[in-house]
Amino acid sequence: MTFPADSSAPIASRHSTRSWNVLAAFGLLFFSGWTLFADLAHDAHFVLQPSFSSFFLGLFVMGWSIAATVYAGFPKHYLIPAIVLVTLRLSLAWPLTIWLDLRTASLLLDECLVLLGLVYLVASVKSSAMHGRPAFRWQHSLAMGITVLIASILSLPTGLFGIAKVIEDTSAGFVRLTPGGVQLTERIFEKDDRRVHLIGMAHIADGGFYDALNGSLAEPLEGRRLVLLEGVSDREKILPQSFASGETYRAMAEKLGLAEQALGFAMQSDKPAEGRNTLEAWAERGVDFRRADIDVSELDPAYRDRLVTLLEAVGNLNLESFFSMPGDMTANDLEELMVEGLVKSRNAHLMEVFAEHESEYSEVFIPWGAAHLPDLERRLTALGYAPVAEHQRLGIDFWKRFR
């Protein structure tokens, strides 16, 4: 809504209105321009973009919105679009990510904010209608108060939708965040009457998730099953002790009332029969287990050093760590560690073990972390395996404790 210039308004009041709007417009232009520049300069995966600039952009718009609930000099037709655009930008660009990739969607929102800031700045300087705005109007305060309240309420679901979309896209659908909980996907591939199960796993989950998976392993089958297990060993004790011992995940599982993967899955969870160990009991059912992961010492030294730095940073989380990379790593260094060091090199070793034993089994189960599975899916399809079925399991039930 615009207001006609009030020629009877004191000149000092009109100058004050213009000054405040010029200041707000300059702030919007500065922080949105900073965010756009930072996003353009970031050439690693966009999930690894530190949100330092956009964090301050959000703080600025929030402060501007609060001020506008009492000061009618700020026009709603600039402020409300800014609130909407910043809310979407901080929500990982949802819902634009339904149609666009994360980087493109984020840059588009950045550019819209910069354009809005430019138009607002020009109007603040040249528009006589803006200079004549009253300092207080209860209708303006009511409208802005309702807008801020609605935006605050909606920011939570849009943020969750944004996170859910990014998780689903980066995991190729092997992990989905739903209103009911975290869903993990099992995708089944077939070639020459042989089946391979890629199963999205989590370090901690509801105990029922692991029980259901154990049950699927125990189902009757003509032939034998092979389970290729994930789990980096650390013979030279390179990793921080809390991670090497599993203490970090164990403590997290206990706090959240969940089960730890090492205690819940397959051979660890099945009770051994009389006088026999668990492996023997499973072998009698036709199920063999084999570790198919690497030892930390086998990682490239550069990746190994970055991994130790990353794990130490994770073990000492603070506010600063959310806006900067661990140690002196760049976003590209971190992406290279994640993709080449921790995913592709381990997947390559897994596929070597798979190729060695593939012909001996009717079914092969690969229950690995979801970050590994899109690359493993590409490797399997390159070998001629085709997807034939897909199952969803609820890994973490958000509402379990309320039933």
# chains A, B, ... in the order shown; residues from 1 in each chain; ligands from 1
$ residues_around --residues "Gly145 in chain A" --least-positions-apart "2" --cutoff "10 Å" --atoms "only C-alpha atoms" --output "list in words"
Ser65, Ile66, Ala68, Thr69, Val70, Gln139, His140, Ser141, Leu142, Ala143, Thr147, Val148, Leu149, Ile150 and Ala151 of chain A
$ write_last_selection --atoms "C-alpha atoms" --output "compact mmCIF listing (two decimals), in the first residue's frame"
# COMPACT_ATOMS: atom_id res chain seq x y z
CA SER A 65 10.48 -6.48 10.25
CA ILE A 66 10.30 -5.91 14.00
CA ALA A 68 8.30 -2.00 10.88
CA THR A 69 5.66 -3.20 13.33
CA VAL A 70 5.96 0.12 15.18
CA GLN A 139 -3.39 -0.50 10.49
CA HIS A 140 0.24 -0.77 9.33
CA SER A 141 1.40 -2.10 12.70
CA LEU A 142 -1.39 -4.71 12.75
CA ALA A 143 -0.64 -5.85 9.20
CA THR A 147 2.91 -10.84 8.62
CA VAL A 148 5.82 -11.38 11.02
CA LEU A 149 3.82 -13.92 13.02
CA ILE A 150 2.79 -15.89 9.92
CA ALA A 151 6.33 -15.80 8.52
$ select_by_dssp --residues "range 49-254 of chain A" --states "strand (DSSP E)" --output "PDB file with N, CA and C atoms, in the first residue's frame"
ATOM      1  N   VAL A 175      17.257 -42.010   1.377  1.00  0.00           N
ATOM      2  CA  VAL A 175      16.823 -41.471   2.667  1.00  0.00           C
ATOM      3  C   VAL A 175      15.755 -40.432   2.390  1.00  0.00           C
ATOM      4  N   ARG A 176      14.640 -40.515   3.140  1.00  0.00           N
ATOM      5  CA  ARG A 176      13.576 -39.524   3.008  1.00  0.00           C
ATOM      6  C   ARG A 176      13.150 -39.070   4.403  1.00  0.00           C
ATOM      7  N   LEU A 177      13.071 -37.758   4.566  1.00  0.00           N
ATOM      8  CA  LEU A 177      12.571 -37.179   5.805  1.00  0.00           C
ATOM      9  C   LEU A 177      11.093 -36.899   5.617  1.00  0.00           C
ATOM     10  N   THR A 178      10.235 -37.571   6.394  1.00  0.00           N
ATOM     11  CA  THR A 178       8.790 -37.448   6.260  1.00  0.00           C
ATOM     12  C   THR A 178       8.207 -36.950   7.582  1.00  0.00           C
ATOM     13  N   GLY A 181       8.750 -39.627  10.200  1.00  0.00           N
ATOM     14  CA  GLY A 181      10.092 -40.008  10.640  1.00  0.00           C
ATOM     15  C   GLY A 181      11.057 -40.089   9.472  1.00  0.00           C
ATOM     16  N   VAL A 182      12.164 -40.766   9.697  1.00  0.00           N
ATOM     17  CA  VAL A 182      13.201 -40.929   8.677  1.00  0.00           C
ATOM     18  C   VAL A 182      13.012 -42.281   8.004  1.00  0.00           C
ATOM     19  N   GLN A 183      12.718 -42.251   6.709  1.00  0.00           N
ATOM     20  CA  GLN A 183      12.541 -43.480   5.941  1.00  0.00           C
ATOM     21  C   GLN A 183      13.842 -43.846   5.239  1.00  0.00           C
ATOM     22  N   LEU A 184      14.190 -45.131   5.305  1.00  0.00           N
ATOM     23  CA  LEU A 184      15.383 -45.639   4.627  1.00  0.00           C
ATOM     24  C   LEU A 184      14.938 -46.640   3.566  1.00  0.00           C
ATOM     25  N   THR A 185      15.526 -46.541   2.394  1.00  0.00           N
ATOM     26  CA  THR A 185      15.077 -47.320   1.235  1.00  0.00           C
ATOM     27  C   THR A 185      15.973 -48.521   0.996  1.00  0.00           C
ATOM     28  N   GLU A 186      15.338 -49.629   0.652  1.00  0.00           N
ATOM     29  CA  GLU A 186      16.048 -50.808   0.137  1.00  0.00           C
ATOM     30  C   GLU A 186      15.678 -50.947  -1.334  1.00  0.00           C
ATOM     31  N   ARG A 187      16.673 -50.899  -2.206  1.00  0.00           N
ATOM     32  CA  ARG A 187      16.439 -51.015  -3.649  1.00  0.00           C
ATOM     33  C   ARG A 187      17.057 -52.323  -4.128  1.00  0.00           C
ATOM     34  N   ILE A 188      16.267 -53.129  -4.836  1.00  0.00           N
ATOM     35  CA  ILE A 188      16.683 -54.469  -5.244  1.00  0.00           C
ATOM     36  C   ILE A 188      16.978 -54.489  -6.742  1.00  0.00           C
ATOM     37  N   PHE A 189      18.121 -55.069  -7.079  1.00  0.00           N
ATOM     38  CA  PHE A 189      18.571 -55.161  -8.470  1.00  0.00           C
ATOM     39  C   PHE A 189      18.716 -56.635  -8.850  1.00  0.00           C
ATOM     40  N   GLU A 190      18.510 -56.925 -10.136  1.00  0.00           N
ATOM     41  CA  GLU A 190      18.553 -58.320 -10.580  1.00  0.00           C
ATOM     42  C   GLU A 190      19.324 -58.456 -11.887  1.00  0.00           C
ATOM     43  N   LYS A 191      20.049 -59.601 -11.996  1.00  0.00           N
ATOM     44  CA  LYS A 191      20.769 -59.933 -13.218  1.00  0.00           C
ATOM     45  C   LYS A 191      21.008 -61.441 -13.231  1.00  0.00           C
ATOM     46  N   ARG A 194      20.186 -63.480 -10.201  1.00  0.00           N
ATOM     47  CA  ARG A 194      20.932 -63.114  -8.988  1.00  0.00           C
ATOM     48  C   ARG A 194      20.462 -61.733  -8.558  1.00  0.00           C
ATOM     49  N   ARG A 195      20.249 -61.569  -7.248  1.00  0.00           N
ATOM     50  CA  ARG A 195      19.732 -60.308  -6.740  1.00  0.00           C
ATOM     51  C   ARG A 195      20.743 -59.620  -5.826  1.00  0.00           C
ATOM     52  N   VAL A 196      20.750 -58.296  -5.920  1.00  0.00           N
ATOM     53  CA  VAL A 196      21.576 -57.476  -5.037  1.00  0.00           C
ATOM     54  C   VAL A 196      20.663 -56.463  -4.360  1.00  0.00           C
ATOM     55  N   HIS A 197      20.772 -56.368  -3.031  1.00  0.00           N
ATOM     56  CA  HIS A 197      19.960 -55.443  -2.251  1.00  0.00           C
ATOM     57  C   HIS A 197      20.844 -54.293  -1.758  1.00  0.00           C
ATOM     58  N   LEU A 198      20.571 -53.079  -2.233  1.00  0.00           N
ATOM     59  CA  LEU A 198      21.213 -51.898  -1.671  1.00  0.00           C
ATOM     60  C   LEU A 198      20.296 -51.355  -0.587  1.00  0.00           C
ATOM     61  N   ILE A 199      20.788 -51.306   0.642  1.00  0.00           N
ATOM     62  CA  ILE A 199      19.945 -50.987   1.789  1.00  0.00           C
ATOM     63  C   ILE A 199      20.504 -49.760   2.498  1.00  0.00           C
ATOM     64  N   GLY A 200      19.713 -48.687   2.503  1.00  0.00           N
ATOM     65  CA  GLY A 200      20.115 -47.490   3.218  1.00  0.00           C
ATOM     66  C   GLY A 200      20.170 -47.750   4.713  1.00  0.00           C
ATOM     67  N   MET A 201      21.284 -47.408   5.327  1.00  0.00           N
ATOM     68  CA  MET A 201      21.484 -47.650   6.749  1.00  0.00           C
ATOM     69  C   MET A 201      21.758 -46.345   7.482  1.00  0.00           C
ATOM     70  N   ILE A 204      22.457 -44.911  13.884  1.00  0.00           N
ATOM     71  CA  ILE A 204      21.509 -45.142  14.970  1.00  0.00           C
ATOM     72  C   ILE A 204      20.106 -45.102  14.387  1.00  0.00           C
ATOM     73  N   ALA A 205      19.217 -45.933  14.923  1.00  0.00           N
ATOM     74  CA  ALA A 205      17.842 -45.999  14.443  1.00  0.00           C
ATOM     75  C   ALA A 205      17.000 -46.703  15.504  1.00  0.00           C
ATOM     76  N   ARG A 225      22.968 -66.466   0.959  1.00  0.00           N
ATOM     77  CA  ARG A 225      23.023 -65.011   0.979  1.00  0.00           C
ATOM     78  C   ARG A 225      24.382 -64.563   1.492  1.00  0.00           C
ATOM     79  N   LEU A 226      24.854 -63.446   0.941  1.00  0.00           N
ATOM     80  CA  LEU A 226      26.078 -62.817   1.425  1.00  0.00           C
ATOM     81  C   LEU A 226      25.739 -61.394   1.861  1.00  0.00           C
ATOM     82  N   VAL A 227      26.200 -61.032   3.046  1.00  0.00           N
ATOM     83  CA  VAL A 227      26.022 -59.671   3.552  1.00  0.00           C
ATOM     84  C   VAL A 227      27.400 -59.013   3.592  1.00  0.00           C
ATOM     85  N   LEU A 228      27.562 -57.957   2.808  1.00  0.00           N
ATOM     86  CA  LEU A 228      28.829 -57.227   2.774  1.00  0.00           C
ATOM     87  C   LEU A 228      28.730 -56.042   3.727  1.00  0.00           C
ATOM     88  N   LEU A 229      29.472 -56.095   4.812  1.00  0.00           N
ATOM     89  CA  LEU A 229      29.317 -55.141   5.895  1.00  0.00           C
ATOM     90  C   LEU A 229      30.213 -53.920   5.738  1.00  0.00           C
TER      91      LEU A 229
END
$ select_by_dssp --residues "range 111-253 of chain A" --states "helix (DSSP H, G or I)" --output "PyMOL selection string"
chain A and resi 111-126+128-131+138-170+207-217+241-244+247-253
$ write_last_selection --atoms "C-alpha atoms" --output "PDB file, in the first residue's frame"
ATOM      1  CA  GLU A 111      19.320 -12.169  -7.442  1.00  0.00           C
ATOM      2  CA  CYS A 112      15.673 -11.371  -6.646  1.00  0.00           C
ATOM      3  CA  LEU A 113      16.748  -9.948  -3.279  1.00  0.00           C
ATOM      4  CA  VAL A 114      19.463  -7.810  -4.886  1.00  0.00           C
ATOM      5  CA  LEU A 115      16.965  -6.515  -7.469  1.00  0.00           C
ATOM      6  CA  LEU A 116      14.439  -5.763  -4.716  1.00  0.00           C
ATOM      7  CA  GLY A 117      17.113  -3.889  -2.771  1.00  0.00           C
ATOM      8  CA  LEU A 118      18.048  -1.805  -5.823  1.00  0.00           C
ATOM      9  CA  VAL A 119      14.428  -0.881  -6.604  1.00  0.00           C
ATOM     10  CA  TYR A 120      13.791  -0.050  -2.956  1.00  0.00           C
ATOM     11  CA  LEU A 121      16.917   2.136  -2.765  1.00  0.00           C
ATOM     12  CA  VAL A 122      15.975   4.099  -5.892  1.00  0.00           C
ATOM     13  CA  ALA A 123      12.410   4.562  -4.621  1.00  0.00           C
ATOM     14  CA  SER A 124      13.666   5.660  -1.212  1.00  0.00           C
ATOM     15  CA  VAL A 125      15.740   8.406  -2.797  1.00  0.00           C
ATOM     16  CA  LYS A 126      13.392   9.585  -5.565  1.00  0.00           C
ATOM     17  CA  SER A 128       7.974  11.650  -3.062  1.00  0.00           C
ATOM     18  CA  ALA A 129       5.139   9.352  -1.999  1.00  0.00           C
ATOM     19  CA  MET A 130       7.484   7.418   0.257  1.00  0.00           C
ATOM     20  CA  HIS A 131       8.811  10.587   1.897  1.00  0.00           C
ATOM     21  CA  TRP A 138      -2.217   1.207  13.697  1.00  0.00           C
ATOM     22  CA  GLN A 139      -3.392  -0.502  10.488  1.00  0.00           C
ATOM     23  CA  HIS A 140       0.238  -0.769   9.334  1.00  0.00           C
ATOM     24  CA  SER A 141       1.404  -2.105  12.704  1.00  0.00           C
ATOM     25  CA  LEU A 142      -1.395  -4.706  12.750  1.00  0.00           C
ATOM     26  CA  ALA A 143      -0.643  -5.853   9.195  1.00  0.00           C
ATOM     27  CA  MET A 144       3.091  -6.115   9.855  1.00  0.00           C
ATOM     28  CA  GLY A 145       2.549  -7.889  13.178  1.00  0.00           C
ATOM     29  CA  ILE A 146       0.378 -10.510  11.463  1.00  0.00           C
ATOM     30  CA  THR A 147       2.914 -10.843   8.624  1.00  0.00           C
ATOM     31  CA  VAL A 148       5.824 -11.382  11.016  1.00  0.00           C
ATOM     32  CA  LEU A 149       3.815 -13.922  13.022  1.00  0.00           C
ATOM     33  CA  ILE A 150       2.786 -15.893   9.918  1.00  0.00           C
ATOM     34  CA  ALA A 151       6.332 -15.802   8.517  1.00  0.00           C
ATOM     35  CA  SER A 152       7.733 -17.049  11.841  1.00  0.00           C
ATOM     36  CA  ILE A 153       5.243 -19.913  11.973  1.00  0.00           C
ATOM     37  CA  LEU A 154       5.765 -20.931   8.335  1.00  0.00           C
ATOM     38  CA  SER A 155       9.571 -20.731   8.501  1.00  0.00           C
ATOM     39  CA  LEU A 156       9.709 -24.021  10.437  1.00  0.00           C
ATOM     40  CA  PRO A 157       7.801 -26.198   7.936  1.00  0.00           C
ATOM     41  CA  THR A 158       9.470 -24.571   4.923  1.00  0.00           C
ATOM     42  CA  GLY A 159      12.865 -25.166   6.538  1.00  0.00           C
ATOM     43  CA  LEU A 160      11.998 -28.808   7.172  1.00  0.00           C
ATOM     44  CA  PHE A 161      10.684 -29.234   3.623  1.00  0.00           C
ATOM     45  CA  GLY A 162      13.919 -27.719   2.327  1.00  0.00           C
ATOM     46  CA  ILE A 163      16.072 -30.059   4.394  1.00  0.00           C
ATOM     47  CA  ALA A 164      13.934 -33.033   3.376  1.00  0.00           C
ATOM     48  CA  LYS A 165      14.255 -32.183  -0.323  1.00  0.00           C
ATOM     49  CA  VAL A 166      18.052 -31.796  -0.115  1.00  0.00           C
ATOM     50  CA  ILE A 167      18.393 -35.098   1.777  1.00  0.00           C
ATOM     51  CA  GLU A 168      16.241 -36.937  -0.768  1.00  0.00           C
ATOM     52  CA  ASP A 169      18.078 -35.441  -3.743  1.00  0.00           C
ATOM     53  CA  THR A 170      21.626 -35.999  -2.453  1.00  0.00           C
ATOM     54  CA  GLY A 207      15.525 -51.123  17.239  1.00  0.00           C
ATOM     55  CA  GLY A 208      12.584 -52.337  15.168  1.00  0.00           C
ATOM     56  CA  PHE A 209      14.339 -51.203  11.994  1.00  0.00           C
ATOM     57  CA  TYR A 210      17.259 -53.577  12.611  1.00  0.00           C
ATOM     58  CA  ASP A 211      14.894 -56.371  13.722  1.00  0.00           C
ATOM     59  CA  ALA A 212      12.940 -56.094  10.471  1.00  0.00           C
ATOM     60  CA  LEU A 213      16.157 -56.202   8.486  1.00  0.00           C
ATOM     61  CA  ASN A 214      17.336 -59.260  10.383  1.00  0.00           C
ATOM     62  CA  GLY A 215      14.018 -60.900   9.616  1.00  0.00           C
ATOM     63  CA  SER A 216      14.460 -60.342   5.877  1.00  0.00           C
ATOM     64  CA  LEU A 217      17.893 -61.997   6.060  1.00  0.00           C
ATOM     65  CA  GLN A 241      39.267 -42.421  20.408  1.00  0.00           C
ATOM     66  CA  SER A 242      35.584 -41.476  20.779  1.00  0.00           C
ATOM     67  CA  PHE A 243      34.890 -42.393  17.136  1.00  0.00           C
ATOM     68  CA  ALA A 244      37.180 -45.403  16.985  1.00  0.00           C
ATOM     69  CA  GLU A 247      31.395 -44.028  21.989  1.00  0.00           C
ATOM     70  CA  THR A 248      30.028 -41.042  20.051  1.00  0.00           C
ATOM     71  CA  TYR A 249      27.220 -42.984  18.350  1.00  0.00           C
ATOM     72  CA  ARG A 250      26.541 -45.035  21.464  1.00  0.00           C
ATOM     73  CA  ALA A 251      26.055 -41.934  23.597  1.00  0.00           C
ATOM     74  CA  MET A 252      23.836 -40.345  20.942  1.00  0.00           C
ATOM     75  CA  ALA A 253      21.702 -43.486  20.673  1.00  0.00           C
TER      76      ALA A 253
END
$ atom_distance --atom1 "CA of Pro134 in chain A" --atom2 "CA of Gly73 in chain A"
6.0 Å
$ closest_residue --among "A:Ser106, A:Ser16, A:Thr330, A:Asn21" --to "Phe37 in chain A" --atoms "only C-alpha atoms"
A:Ser106
$ atom_distance --atom1 "CA of Ala348 in chain A" --atom2 "CA of Leu310 in chain A"
22.5 Å
$ closest_residue --among "A:Thr17, A:Thr35, A:Asn347, A:Ser53" --to "Val232 in chain A" --atoms "only C-alpha atoms"
A:Asn347
$ closest_residue --among "A:Asp328, A:Glu356, A:Glu236, A:Glu340" --to "Asp300 in chain A" --atoms "only C-alpha atoms"
A:Glu340
$ closest_residue --among "A:Ser54, A:Thr87, A:Ser171, A:Ser233" --to "Leu299 in chain A" --atoms "only C-alpha atoms"
A:Ser233
$ residues_around --residues "Glu222 in chain A" --least-positions-apart "4" --cutoff "12 Å" --atoms "only C-alpha atoms" --output "MDAnalysis selection string"
chainID A and resid 193:194 285:287 361:363
